[in-house]
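Have a look at model36.cif; it's mmCIF, C-alpha atoms:
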```cif
data_start
#
loop_
_atom_site.group_PDB
_atom_site.id
_atom_site.type_symbol
_atom_site.label_atom_id
_atom_site.label_comp_id
_atom_site.auth_asym_id
_atom_site.auth_seq_id
_atom_site.Cartn_x
_atom_site.Cartn_y
_atom_site.Cartn_z
ATOM 1 C CA MET A 1 35.003 -76.056 -71.097
ATOM 2 C CA GLU A 2 37.329 -76.293 -74.046
ATOM 3 C CA GLU A 3 39.994 -73.642 -74.363
ATOM 4 C CA GLU A 4 42.646 -73.046 -76.959
ATOM 5 C CA ALA A 5 46.136 -73.239 -75.591
ATOM 6 C CA SER A 6 47.382 -69.724 -75.007
ATOM 7 C CA PRO A 7 50.861 -68.774 -76.199
ATOM 8 C CA PRO A 8 53.471 -68.511 -73.459
ATOM 9 C CA GLY A 9 53.863 -65.227 -71.659
ATOM 10 C CA LEU A 10 50.274 -64.026 -72.128
ATOM 11 C CA GLY A 11 49.329 -64.518 -68.514
ATOM 12 C CA CYS A 12 45.940 -65.951 -69.493
ATOM 13 C CA SER A 13 44.500 -68.244 -66.854
ATOM 14 C CA LYS A 14 41.151 -69.545 -65.700
ATOM 15 C CA PRO A 15 40.628 -66.655 -63.244
ATOM 16 C CA HIS A 16 41.219 -64.333 -66.189
ATOM 17 C CA LEU A 17 38.548 -66.104 -68.256
ATOM 18 C CA GLU A 18 36.210 -66.265 -65.269
ATOM 19 C CA LYS A 19 36.410 -62.501 -64.918
ATOM 20 C CA LEU A 20 35.974 -61.990 -68.634
ATOM 21 C CA THR A 21 32.865 -64.196 -68.918
ATOM 22 C CA LEU A 22 31.310 -63.109 -65.594
ATOM 23 C CA GLY A 23 30.988 -66.775 -64.584
ATOM 24 C CA ILE A 24 28.487 -67.583 -67.342
ATOM 25 C CA THR A 25 30.474 -70.680 -68.348
ATOM 26 C CA ARG A 26 29.375 -72.668 -65.298
ATOM 27 C CA ILE A 27 25.721 -71.829 -65.950
ATOM 28 C CA LEU A 28 25.940 -72.981 -69.562
ATOM 29 C CA GLU A 29 27.755 -76.218 -68.747
ATOM 30 C CA SER A 30 25.077 -77.111 -66.183
ATOM 31 C CA SER A 31 22.215 -76.478 -68.647
ATOM 32 C CA PRO A 32 20.541 -79.511 -70.286
ATOM 33 C CA GLY A 33 21.885 -80.502 -73.682
ATOM 34 C CA VAL A 34 24.631 -77.852 -73.764
ATOM 35 C CA THR A 35 27.995 -79.037 -75.039
ATOM 36 C CA GLU A 36 31.244 -77.648 -76.456
ATOM 37 C CA VAL A 37 31.350 -74.414 -74.433
ATOM 38 C CA THR A 38 34.412 -72.824 -76.006
ATOM 39 C CA ILE A 39 36.347 -69.619 -75.389
ATOM 40 C CA ILE A 40 38.986 -68.551 -77.869
ATOM 41 C CA GLU A 41 41.671 -66.922 -75.771
ATOM 42 C CA LYS A 42 43.207 -63.805 -77.263
ATOM 43 C CA PRO A 43 46.188 -61.813 -76.019
ATOM 44 C CA PRO A 44 45.683 -58.323 -74.607
ATOM 45 C CA ALA A 45 46.115 -55.461 -77.030
ATOM 46 C CA GLU A 46 49.114 -53.208 -76.622
ATOM 47 C CA ARG A 47 48.608 -49.525 -75.923
ATOM 48 C CA HIS A 48 50.261 -48.462 -79.155
ATOM 49 C CA MET A 49 47.587 -50.429 -81.069
ATOM 50 C CA ILE A 50 44.886 -48.331 -79.396
ATOM 51 C CA SER A 51 46.771 -45.086 -80.065
ATOM 52 C CA SER A 52 47.265 -46.070 -83.689
ATOM 53 C CA TRP A 53 43.540 -46.783 -84.071
ATOM 54 C CA GLU A 54 42.634 -43.410 -82.562
ATOM 55 C CA GLN A 55 45.017 -41.516 -84.847
ATOM 56 C CA LYS A 56 43.951 -43.403 -87.946
ATOM 57 C CA ASN A 57 40.231 -42.825 -87.361
ATOM 58 C CA ASN A 58 40.500 -39.399 -85.657
ATOM 59 C CA CYS A 59 38.371 -40.779 -82.791
ATOM 60 C CA VAL A 60 39.036 -41.016 -79.055
ATOM 61 C CA MET A 61 38.274 -44.539 -77.851
ATOM 62 C CA PRO A 62 36.013 -44.665 -74.751
ATOM 63 C CA GLU A 63 37.757 -45.717 -71.539
ATOM 64 C CA ASP A 64 35.663 -48.871 -71.056
ATOM 65 C CA VAL A 65 36.463 -49.988 -74.619
ATOM 66 C CA LYS A 66 40.172 -49.328 -73.977
ATOM 67 C CA ASN A 67 40.073 -51.355 -70.755
ATOM 68 C CA PHE A 68 38.375 -54.212 -72.578
ATOM 69 C CA TYR A 69 41.020 -54.362 -75.307
ATOM 70 C CA LEU A 70 43.803 -54.092 -72.726
ATOM 71 C CA MET A 71 42.364 -57.286 -71.226
ATOM 72 C CA THR A 72 41.739 -59.135 -74.485
ATOM 73 C CA ASN A 73 42.053 -58.067 -78.110
ATOM 74 C CA GLY A 74 38.583 -59.204 -79.075
ATOM 75 C CA PHE A 75 36.267 -61.833 -77.633
ATOM 76 C CA HIS A 76 34.688 -64.998 -79.001
ATOM 77 C CA MET A 77 32.723 -67.532 -76.951
ATOM 78 C CA THR A 78 30.479 -70.214 -78.451
ATOM 79 C CA TRP A 79 28.360 -73.125 -77.255
ATOM 80 C CA SER A 80 26.351 -75.864 -78.924
ATOM 81 C CA VAL A 81 23.376 -78.125 -78.210
ATOM 82 C CA LYS A 82 23.336 -81.883 -78.702
ATOM 83 C CA LEU A 83 20.041 -83.239 -80.071
ATOM 84 C CA ASP A 84 20.085 -87.034 -80.462
ATOM 85 C CA GLU A 85 23.451 -87.588 -82.147
ATOM 86 C CA HIS A 86 23.631 -84.181 -83.816
ATOM 87 C CA ILE A 87 25.544 -81.209 -82.394
ATOM 88 C CA ILE A 88 23.985 -77.871 -83.357
ATOM 89 C CA PRO A 89 25.945 -74.605 -82.883
ATOM 90 C CA LEU A 90 23.655 -72.227 -81.008
ATOM 91 C CA GLY A 91 25.157 -69.510 -78.798
ATOM 92 C CA SER A 92 27.751 -67.025 -80.014
ATOM 93 C CA MET A 93 29.220 -64.047 -78.139
ATOM 94 C CA ALA A 94 31.715 -61.957 -80.095
ATOM 95 C CA ILE A 95 33.478 -58.604 -80.053
ATOM 96 C CA ASN A 96 35.738 -57.689 -82.971
ATOM 97 C CA SER A 97 39.458 -57.195 -82.389
ATOM 98 C CA ILE A 98 40.971 -53.735 -82.862
ATOM 99 C CA SER A 99 42.099 -54.614 -86.369
ATOM 100 C CA LYS A 100 38.500 -55.509 -87.276
ATOM 101 C CA LEU A 101 36.968 -52.516 -85.489
ATOM 102 C CA THR A 102 36.518 -50.859 -88.851
ATOM 103 C CA GLN A 103 34.304 -48.030 -89.959
ATOM 104 C CA LEU A 104 31.023 -48.995 -91.566
ATOM 105 C CA THR A 105 31.720 -48.662 -95.239
ATOM 106 C CA GLN A 106 30.663 -45.466 -96.989
ATOM 107 C CA SER A 107 31.895 -46.616 -100.388
ATOM 108 C CA SER A 108 29.681 -47.563 -103.295
ATOM 109 C CA MET A 109 27.889 -50.876 -103.189
ATOM 110 C CA TYR A 110 29.049 -51.579 -106.714
ATOM 111 C CA SER A 111 32.038 -50.500 -108.765
ATOM 112 C CA LEU A 112 29.800 -48.724 -111.274
ATOM 113 C CA PRO A 113 29.682 -44.941 -111.671
ATOM 114 C CA ASN A 114 26.995 -43.167 -109.623
ATOM 115 C CA ALA A 115 26.270 -46.348 -107.653
ATOM 116 C CA PRO A 116 24.291 -45.811 -104.407
ATOM 117 C CA THR A 117 25.962 -45.511 -101.019
ATOM 118 C CA LEU A 118 24.723 -45.906 -97.452
ATOM 119 C CA ALA A 119 24.519 -42.118 -97.220
ATOM 120 C CA ASP A 120 21.854 -42.205 -99.947
ATOM 121 C CA LEU A 121 19.588 -44.085 -97.538
ATOM 122 C CA GLU A 122 19.391 -41.155 -95.139
ATOM 123 C CA ASP A 123 15.846 -40.361 -94.036
ATOM 124 C CA ASP A 124 15.390 -37.450 -91.644
ATOM 125 C CA THR A 125 11.657 -37.969 -91.183
ATOM 126 C CA HIS A 126 12.186 -40.140 -88.066
ATOM 127 C CA GLU A 127 14.293 -38.150 -85.663
ATOM 128 C CA ALA A 128 14.721 -38.173 -81.899
ATOM 129 C CA SER A 129 11.685 -38.434 -79.627
ATOM 130 C CA ASP A 130 11.145 -38.219 -75.899
ATOM 131 C CA ASP A 131 11.737 -41.932 -75.346
ATOM 132 C CA GLN A 132 14.260 -42.583 -78.141
ATOM 133 C CA PRO A 133 17.565 -40.818 -78.849
ATOM 134 C CA GLU A 134 18.448 -39.498 -82.269
ATOM 135 C CA LYS A 135 19.365 -42.324 -84.602
ATOM 136 C CA PRO A 136 22.823 -42.559 -86.170
ATOM 137 C CA HIS A 137 23.435 -41.189 -89.649
ATOM 138 C CA PHE A 138 25.199 -42.927 -92.497
ATOM 139 C CA ASP A 139 26.700 -39.638 -93.677
ATOM 140 C CA SER A 140 29.447 -37.552 -92.054
ATOM 141 C CA ARG A 141 27.238 -36.557 -89.100
ATOM 142 C CA SER A 142 28.064 -39.887 -87.394
ATOM 143 C CA VAL A 143 31.096 -42.151 -87.298
ATOM 144 C CA ILE A 144 30.141 -45.830 -87.045
ATOM 145 C CA PHE A 145 32.343 -48.839 -86.222
ATOM 146 C CA GLU A 146 31.306 -52.485 -86.337
ATOM 147 C CA LEU A 147 31.647 -54.396 -83.049
ATOM 148 C CA ASP A 148 29.878 -57.610 -84.089
ATOM 149 C CA SER A 149 28.418 -58.901 -87.353
ATOM 150 C CA CYS A 150 25.896 -61.065 -85.415
ATOM 151 C CA ASN A 151 26.382 -64.022 -87.787
ATOM 152 C CA GLY A 152 24.634 -62.140 -90.573
ATOM 153 C CA SER A 153 21.484 -61.137 -88.664
ATOM 154 C CA GLY A 154 22.561 -57.494 -88.312
ATOM 155 C CA LYS A 155 25.420 -55.401 -86.941
ATOM 156 C CA VAL A 156 26.164 -54.114 -83.449
ATOM 157 C CA CYS A 157 27.944 -50.788 -83.821
ATOM 158 C CA LEU A 158 29.949 -48.336 -81.756
ATOM 159 C CA VAL A 159 28.527 -44.982 -82.860
ATOM 160 C CA TYR A 160 30.110 -41.552 -82.451
ATOM 161 C CA LYS A 161 27.171 -39.155 -82.702
ATOM 162 C CA SER A 162 29.067 -35.892 -83.355
ATOM 163 C CA GLY A 163 31.224 -36.775 -86.368
ATOM 164 C CA LYS A 164 34.976 -36.176 -86.578
ATOM 165 C CA PRO A 165 36.987 -35.346 -84.575
ATOM 166 C CA ALA A 166 35.012 -37.764 -82.403
ATOM 167 C CA LEU A 167 35.025 -37.608 -78.609
ATOM 168 C CA ALA A 168 34.691 -40.602 -76.299
ATOM 169 C CA GLU A 169 31.700 -39.157 -74.409
ATOM 170 C CA ASP A 170 29.657 -38.958 -77.623
ATOM 171 C CA THR A 171 29.493 -42.736 -78.122
ATOM 172 C CA GLU A 172 26.510 -45.083 -77.951
ATOM 173 C CA ILE A 173 25.884 -48.720 -78.890
ATOM 174 C CA TRP A 174 23.285 -49.307 -81.609
ATOM 175 C CA PHE A 175 21.969 -52.318 -83.513
ATOM 176 C CA LEU A 176 21.580 -52.084 -87.287
ATOM 177 C CA ASP A 177 19.156 -54.728 -88.534
ATOM 178 C CA ARG A 178 19.218 -56.384 -91.952
ATOM 179 C CA ALA A 179 16.721 -53.844 -93.305
ATOM 180 C CA LEU A 180 19.205 -51.069 -92.319
ATOM 181 C CA TYR A 181 17.014 -49.688 -89.529
ATOM 182 C CA TRP A 182 18.672 -48.484 -86.322
ATOM 183 C CA HIS A 183 17.734 -49.680 -82.809
ATOM 184 C CA PHE A 184 19.232 -48.202 -79.647
ATOM 185 C CA LEU A 185 20.874 -50.695 -77.272
ATOM 186 C CA THR A 186 22.927 -48.981 -74.545
ATOM 187 C CA ASP A 187 24.755 -45.773 -73.641
ATOM 188 C CA THR A 188 28.061 -47.503 -72.897
ATOM 189 C CA PHE A 189 30.106 -50.444 -74.105
ATOM 190 C CA THR A 190 30.187 -51.921 -70.574
ATOM 191 C CA ALA A 191 26.390 -52.054 -70.452
ATOM 192 C CA TYR A 192 26.286 -53.697 -73.877
ATOM 193 C CA TYR A 193 28.879 -56.299 -72.902
ATOM 194 C CA ARG A 194 26.767 -57.266 -69.903
ATOM 195 C CA LEU A 195 23.736 -57.647 -72.159
ATOM 196 C CA LEU A 196 25.776 -59.845 -74.495
ATOM 197 C CA ILE A 197 26.805 -62.143 -71.657
ATOM 198 C CA THR A 198 23.469 -62.274 -69.844
ATOM 199 C CA HIS A 199 21.614 -63.105 -73.069
ATOM 200 C CA LEU A 200 23.961 -66.118 -73.424
ATOM 201 C CA GLY A 201 24.695 -65.216 -77.042
ATOM 202 C CA LEU A 202 21.365 -66.735 -78.097
ATOM 203 C CA PRO A 203 20.494 -66.320 -81.785
ATOM 204 C CA GLN A 204 18.975 -62.938 -82.703
ATOM 205 C CA TRP A 205 18.911 -61.744 -79.077
ATOM 206 C CA GLN A 206 19.491 -58.149 -80.207
ATOM 207 C CA TYR A 207 16.042 -58.189 -81.838
ATOM 208 C CA ALA A 208 14.505 -58.315 -78.349
ATOM 209 C CA PHE A 209 15.364 -54.593 -78.251
ATOM 210 C CA THR A 210 13.478 -53.821 -81.457
ATOM 211 C CA SER A 211 9.806 -53.014 -81.887
ATOM 212 C CA TYR A 212 9.153 -56.289 -83.744
ATOM 213 C CA GLY A 213 11.062 -58.604 -81.405
ATOM 214 C CA ILE A 214 12.705 -61.956 -82.049
ATOM 215 C CA SER A 215 11.460 -64.656 -84.419
ATOM 216 C CA PRO A 216 9.252 -67.565 -83.246
ATOM 217 C CA GLN A 217 12.138 -69.992 -83.771
ATOM 218 C CA ALA A 218 14.431 -67.873 -81.595
ATOM 219 C CA LYS A 219 11.694 -67.657 -78.947
ATOM 220 C CA GLN A 220 11.761 -71.434 -78.620
ATOM 221 C CA TRP A 221 15.450 -71.334 -77.751
ATOM 222 C CA PHE A 222 14.832 -68.387 -75.409
ATOM 223 C CA SER A 223 12.143 -70.365 -73.573
ATOM 224 C CA MET A 224 14.552 -73.277 -73.081
ATOM 225 C CA TYR A 225 17.687 -71.303 -72.176
ATOM 226 C CA LYS A 226 16.277 -68.253 -70.450
ATOM 227 C CA PRO A 227 18.528 -65.188 -70.564
ATOM 228 C CA ILE A 228 19.710 -63.801 -67.223
ATOM 229 C CA THR A 229 18.289 -60.362 -67.867
ATOM 230 C CA TYR A 230 15.591 -57.959 -66.790
ATOM 231 C CA ASN A 231 14.265 -57.728 -70.350
ATOM 232 C CA THR A 232 12.090 -60.839 -70.096
ATOM 233 C CA SER A 233 8.727 -59.109 -70.570
ATOM 234 C CA LEU A 234 9.317 -58.970 -74.323
ATOM 235 C CA LEU A 235 9.820 -62.724 -74.376
ATOM 236 C CA THR A 236 6.676 -63.704 -72.474
ATOM 237 C CA GLU A 237 4.119 -61.617 -74.340
ATOM 238 C CA GLU A 238 1.835 -63.700 -76.570
ATOM 239 C CA THR A 239 4.228 -66.619 -76.687
ATOM 240 C CA ASP A 240 1.778 -69.244 -75.420
ATOM 241 C CA SER A 241 -0.558 -68.774 -78.373
ATOM 242 C CA PHE A 242 1.805 -69.660 -81.210
ATOM 243 C CA VAL A 243 5.095 -70.987 -79.844
ATOM 244 C CA ASN A 244 5.562 -74.601 -78.771
ATOM 245 C CA LYS A 245 7.710 -74.348 -75.658
ATOM 246 C CA LEU A 246 10.449 -76.952 -75.482
ATOM 247 C CA ASP A 247 10.728 -79.049 -72.341
ATOM 248 C CA PRO A 248 14.391 -79.928 -71.716
ATOM 249 C CA SER A 249 13.444 -83.058 -69.732
ATOM 250 C CA LYS A 250 11.675 -84.447 -72.816
ATOM 251 C CA VAL A 251 13.907 -83.108 -75.575
ATOM 252 C CA PHE A 252 17.079 -84.515 -74.045
ATOM 253 C CA LYS A 253 15.472 -87.745 -72.749
ATOM 254 C CA SER A 254 17.697 -90.764 -73.301
ATOM 255 C CA LYS A 255 16.796 -93.281 -75.973
ATOM 256 C CA ASN A 256 16.442 -96.092 -73.412
ATOM 257 C CA LYS A 257 13.373 -94.476 -71.907
ATOM 258 C CA ILE A 258 11.749 -94.180 -75.315
ATOM 259 C CA VAL A 259 12.359 -97.806 -76.283
ATOM 260 C CA ILE A 260 10.795 -99.324 -73.122
ATOM 261 C CA PRO A 261 7.085 -98.781 -74.094
ATOM 262 C CA LYS A 262 7.704 -100.364 -77.506
ATOM 263 C CA LYS A 263 8.915 -103.590 -75.875
ATOM 264 C CA LYS A 264 5.705 -103.893 -73.816
ATOM 265 C CA GLY A 265 3.456 -103.516 -76.876
ATOM 266 C CA PRO A 266 3.876 -107.000 -78.464
ATOM 267 C CA VAL A 267 3.256 -108.727 -75.107
ATOM 268 C CA GLN A 268 -0.425 -107.723 -74.956
ATOM 269 C CA PRO A 269 -1.642 -109.415 -78.207
ATOM 270 C CA ALA A 270 -0.080 -112.687 -76.989
ATOM 271 C CA GLY A 271 -2.477 -112.780 -74.044
ATOM 272 C CA GLY A 272 -5.405 -111.601 -76.127
ATOM 273 C CA GLN A 273 -5.377 -114.329 -78.784
ATOM 274 C CA LYS A 274 -8.796 -115.549 -77.601
ATOM 275 C CA GLY A 275 -10.449 -112.875 -79.640
ATOM 276 C CA PRO A 276 -8.214 -111.809 -82.507
ATOM 277 C CA SER A 277 -11.116 -110.057 -84.218
ATOM 278 C CA GLY A 278 -12.154 -108.291 -81.018
ATOM 279 C CA PRO A 279 -11.737 -104.613 -80.251
ATOM 280 C CA SER A 280 -8.494 -105.240 -78.300
ATOM 281 C CA GLY A 281 -6.407 -105.366 -81.514
ATOM 282 C CA PRO A 282 -7.420 -101.989 -82.991
ATOM 283 C CA SER A 283 -7.377 -100.281 -79.580
ATOM 284 C CA THR A 284 -3.769 -101.252 -78.837
ATOM 285 C CA SER A 285 -2.615 -100.112 -82.255
ATOM 286 C CA SER A 286 -4.452 -96.807 -81.924
ATOM 287 C CA THR A 287 -2.996 -96.131 -78.492
ATOM 288 C CA SER A 288 0.512 -96.924 -79.715
ATOM 289 C CA LYS A 289 0.041 -94.519 -82.610
ATOM 290 C CA SER A 290 -1.225 -91.794 -80.311
ATOM 291 C CA SER A 291 1.641 -92.266 -77.879
ATOM 292 C CA SER A 292 4.253 -92.138 -80.620
ATOM 293 C CA GLY A 293 2.495 -89.209 -82.241
ATOM 294 C CA SER A 294 2.640 -87.199 -79.035
ATOM 295 C CA GLY A 295 6.394 -87.609 -78.815
ATOM 296 C CA ASN A 296 7.295 -86.651 -82.372
ATOM 297 C CA PRO A 297 6.198 -82.985 -82.278
ATOM 298 C CA ILE A 298 8.384 -82.367 -79.226
ATOM 299 C CA ARG A 299 11.455 -83.752 -80.969
ATOM 300 C CA ASN A 300 10.742 -81.950 -84.269
ATOM 301 C CA THR A 301 10.074 -78.528 -82.855
#
```
Would you kindly transcribe this structure into structure tokens?
Amino acid sequence: MEEEASPPGLGCSKPHLEKLTLGITRILESSPGVTEVTIIEKPPAERHMISSWEQKNNCVMPEDVKNFYLMTNGFHMTWSVKLDEHIIPLGSMAINSISKLTQLTQSSMYSLPNAPTLADLEDDTHEASDDQPEKPHFDSRSVIFELDSCNGSGKVCLVYKSGKPALAEDTEIWFLDRALYWHFLTDTFTAYYRLLITHLGLPQWQYAFTSYGISPQAKQWFSMYKPITYNTSLLTEETDSFVNKLDPSKVFKSKNKIVIPKKKGPVQPAGGQKGPSGPSGPSTSSTSKSSSGSGNPIRNT
């Protein structure tokens, strides 16, 4: 695990990081192909920073969010996958610092007069149901703060459901997708943080909690690096019919094992020179093509 050197006096240590990551680092480092597991250490927030945020936004911060920031002012953990000689960034777990825990903008999208705002997108036709709480509102009925931008795939938000002045017990964690539809995640920040860790920060994991689920490409990564979560039923439904599951033992196979069959190929025609026009020539070439063809889809998927 690679860690940035922490400034002196912060008291950050490996037990501190172990507690923060719930031990997920060891699981990632033991997974096939995983490399560059990195945690960016951040100093704890000071209490006056939390008080200043509450006064500025007229919101009482929930106790579990306060305790998190008193341990670390934000969180960022990433890991990559090495395919052949290429390193591909894959997992990302992030929580914004207090300074970036900003309210979802209500200003105009453009600097033109009468330009639309998020409040103009309000649609009250889909309200609360028996199995789904009332969705957040872009207008003054809700106060929304961004916890994670999800690398552009949506936004995880801390939502105060009762407007200002906002109370800590009125908060929930919601996911706002790129089409600006809301999806409920958890009642508390602690529960969301556990979901973040147990899903390993896999791409688009928040979409597993939507009605349309994650993309086929994301499902391939999910099948290889299975999240440590109860929510696996959404990942197994109808995946065999259209998703090529990746086998880590084949994807990360060393190049030496692939080269060995190619060395044996030229030896056979040397012993079969008695009949150069016989069927042995075409058959060996066809089998070599089929064997190489069966390996390429696994590497390309």
With a distance cut-off of 12 Å and all atoms listed in the file, select the neighbouring residues of Leu20 (chain A), excluding the residue or stretch itself and same-chain residues fewer than 5 positions from it, and output the selection as a short mmCIF file (atom, residue, chain, number, x, y, z; two decimals) with C-alpha atoms, keeping the file's coordinate frame.
```cif
data_model
loop_
_atom_site.label_atom_id
_atom_site.label_comp_id
_atom_site.auth_asym_id
_atom_site.auth_seq_id
_atom_site.Cartn_x
_atom_site.Cartn_y
_atom_site.Cartn_z
CA CYS A 12 45.94 -65.95 -69.49
CA SER A 13 44.50 -68.24 -66.85
CA LYS A 14 41.15 -69.54 -65.70
CA PRO A 15 40.63 -66.66 -63.24
CA THR A 25 30.47 -70.68 -68.35
CA ILE A 39 36.35 -69.62 -75.39
CA ILE A 40 38.99 -68.55 -77.87
CA GLU A 41 41.67 -66.92 -75.77
CA LYS A 42 43.21 -63.80 -77.26
CA PRO A 44 45.68 -58.32 -74.61
CA ASN A 67 40.07 -51.36 -70.76
CA PHE A 68 38.38 -54.21 -72.58
CA TYR A 69 41.02 -54.36 -75.31
CA LEU A 70 43.80 -54.09 -72.73
CA MET A 71 42.36 -57.29 -71.23
CA THR A 72 41.74 -59.14 -74.48
CA ASN A 73 42.05 -58.07 -78.11
CA GLY A 74 38.58 -59.20 -79.08
CA PHE A 75 36.27 -61.83 -77.63
CA HIS A 76 34.69 -65.00 -79.00
CA MET A 77 32.72 -67.53 -76.95
CA MET A 93 29.22 -64.05 -78.14
CA THR A 190 30.19 -51.92 -70.57
CA TYR A 193 28.88 -56.30 -72.90
CA ARG A 194 26.77 -57.27 -69.90
CA LEU A 196 25.78 -59.84 -74.50
CA ILE A 197 26.80 -62.14 -71.66
#
```
Neighbour list for region 141-147 of chain A as a ChimeraX atom specification, cut-off 12 Å, all atoms listed in the file, skip fewer than 6 positions in-chain: /A:53,57-61,65,74-76,93-106,118-119,122,134-135,154-168,170-176,182,189,192-193,196
Length of the CA of Ser215 (chain A) to CA of Arg178 (chain A) vector [Å]: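 Computed distance, CA of Ser215 (chain A) to CA of Arg178 (chain A), equals 13.6 Å.
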Coordinates-based distance that separates CA of Pro227 (chain A) from CA of Leu22 (chain A) (Å, one decimal): 13.9 Å
For Trp205 (chain A), the nearest of the candidates A:Thr21, A:Ser153, A:Thr35, A:Thr188, counting all atoms listed in the file: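 With all atoms listed in the file as the atom set, the closest residue is A:Ser153.
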Pick from A:Lys66, A:Ser30, A:Tyr225, A:Tyr212 nearest to Ser51 (chain A), counting all atoms listed in the file: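 Closest residue, counting all atoms listed in the file: A:Lys66.
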From A:Leu90, A:Leu180, A:Leu28, A:Leu202, residue lying nearest Lys219 (chain A) [all atoms listed in the file]: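 Ranking A:Leu90, A:Leu180, A:Leu28, A:Leu202 by distance to Lys219 (chain A), first place goes to A:Leu202.
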Separation of CA of Phe209 (chain A) from CA of Leu185 (chain A), in Å and rounded to one decimal: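 So the answer is 6.8 Å.
If you measure from each of A:Ile27, A:Leu195, A:Gly91, A:Lys56 to Ala218 (chain A) using all atoms listed in the file, the closest one turns out to be A:Gly91.
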Explicit residue set for the PyMOL selection byres ((chain A and resi 81) around 8), as a ChimeraX atom specification: /A:33-35,79-80,82-83,87-90
Go ahead and save the residues from that selection, with C-alpha atoms, as a JSON list (two decimals), in the frame of the given file.
```json
[["chain", "number", "residue", "atom", "x", "y", "z"],
["A", 33, "GLY", "CA", 21.88, -80.50, -73.68],
["A", 34, "VAL", "CA", 24.63, -77.85, -73.76],
["A", 35, "THR", "CA", 28.00, -79.04, -75.04],
["A", 79, "TRP", "CA", 28.36, -73.12, -77.26],
["A", 80, "SER", "CA", 26.35, -75.86, -78.92],
["A", 82, "LYS", "CA", 23.34, -81.88, -78.70],
["A", 83, "LEU", "CA", 20.04, -83.24, -80.07],
["A", 87, "ILE", "CA", 25.54, -81.21, -82.39],
["A", 88, "ILE", "CA", 23.98, -77.87, -83.36],
["A", 89, "PRO", "CA", 25.94, -74.60, -82.88],
["A", 90, "LEU", "CA", 23.66, -72.23, -81.01]]
```
Among listed residues A:Gln220, A:Arg47, A:Leu200, A:Pro62, nearest Ser31 (chain A) (using only C-alpha atoms):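 Selected residue with least distance to Ser31 (chain A): A:Leu200.
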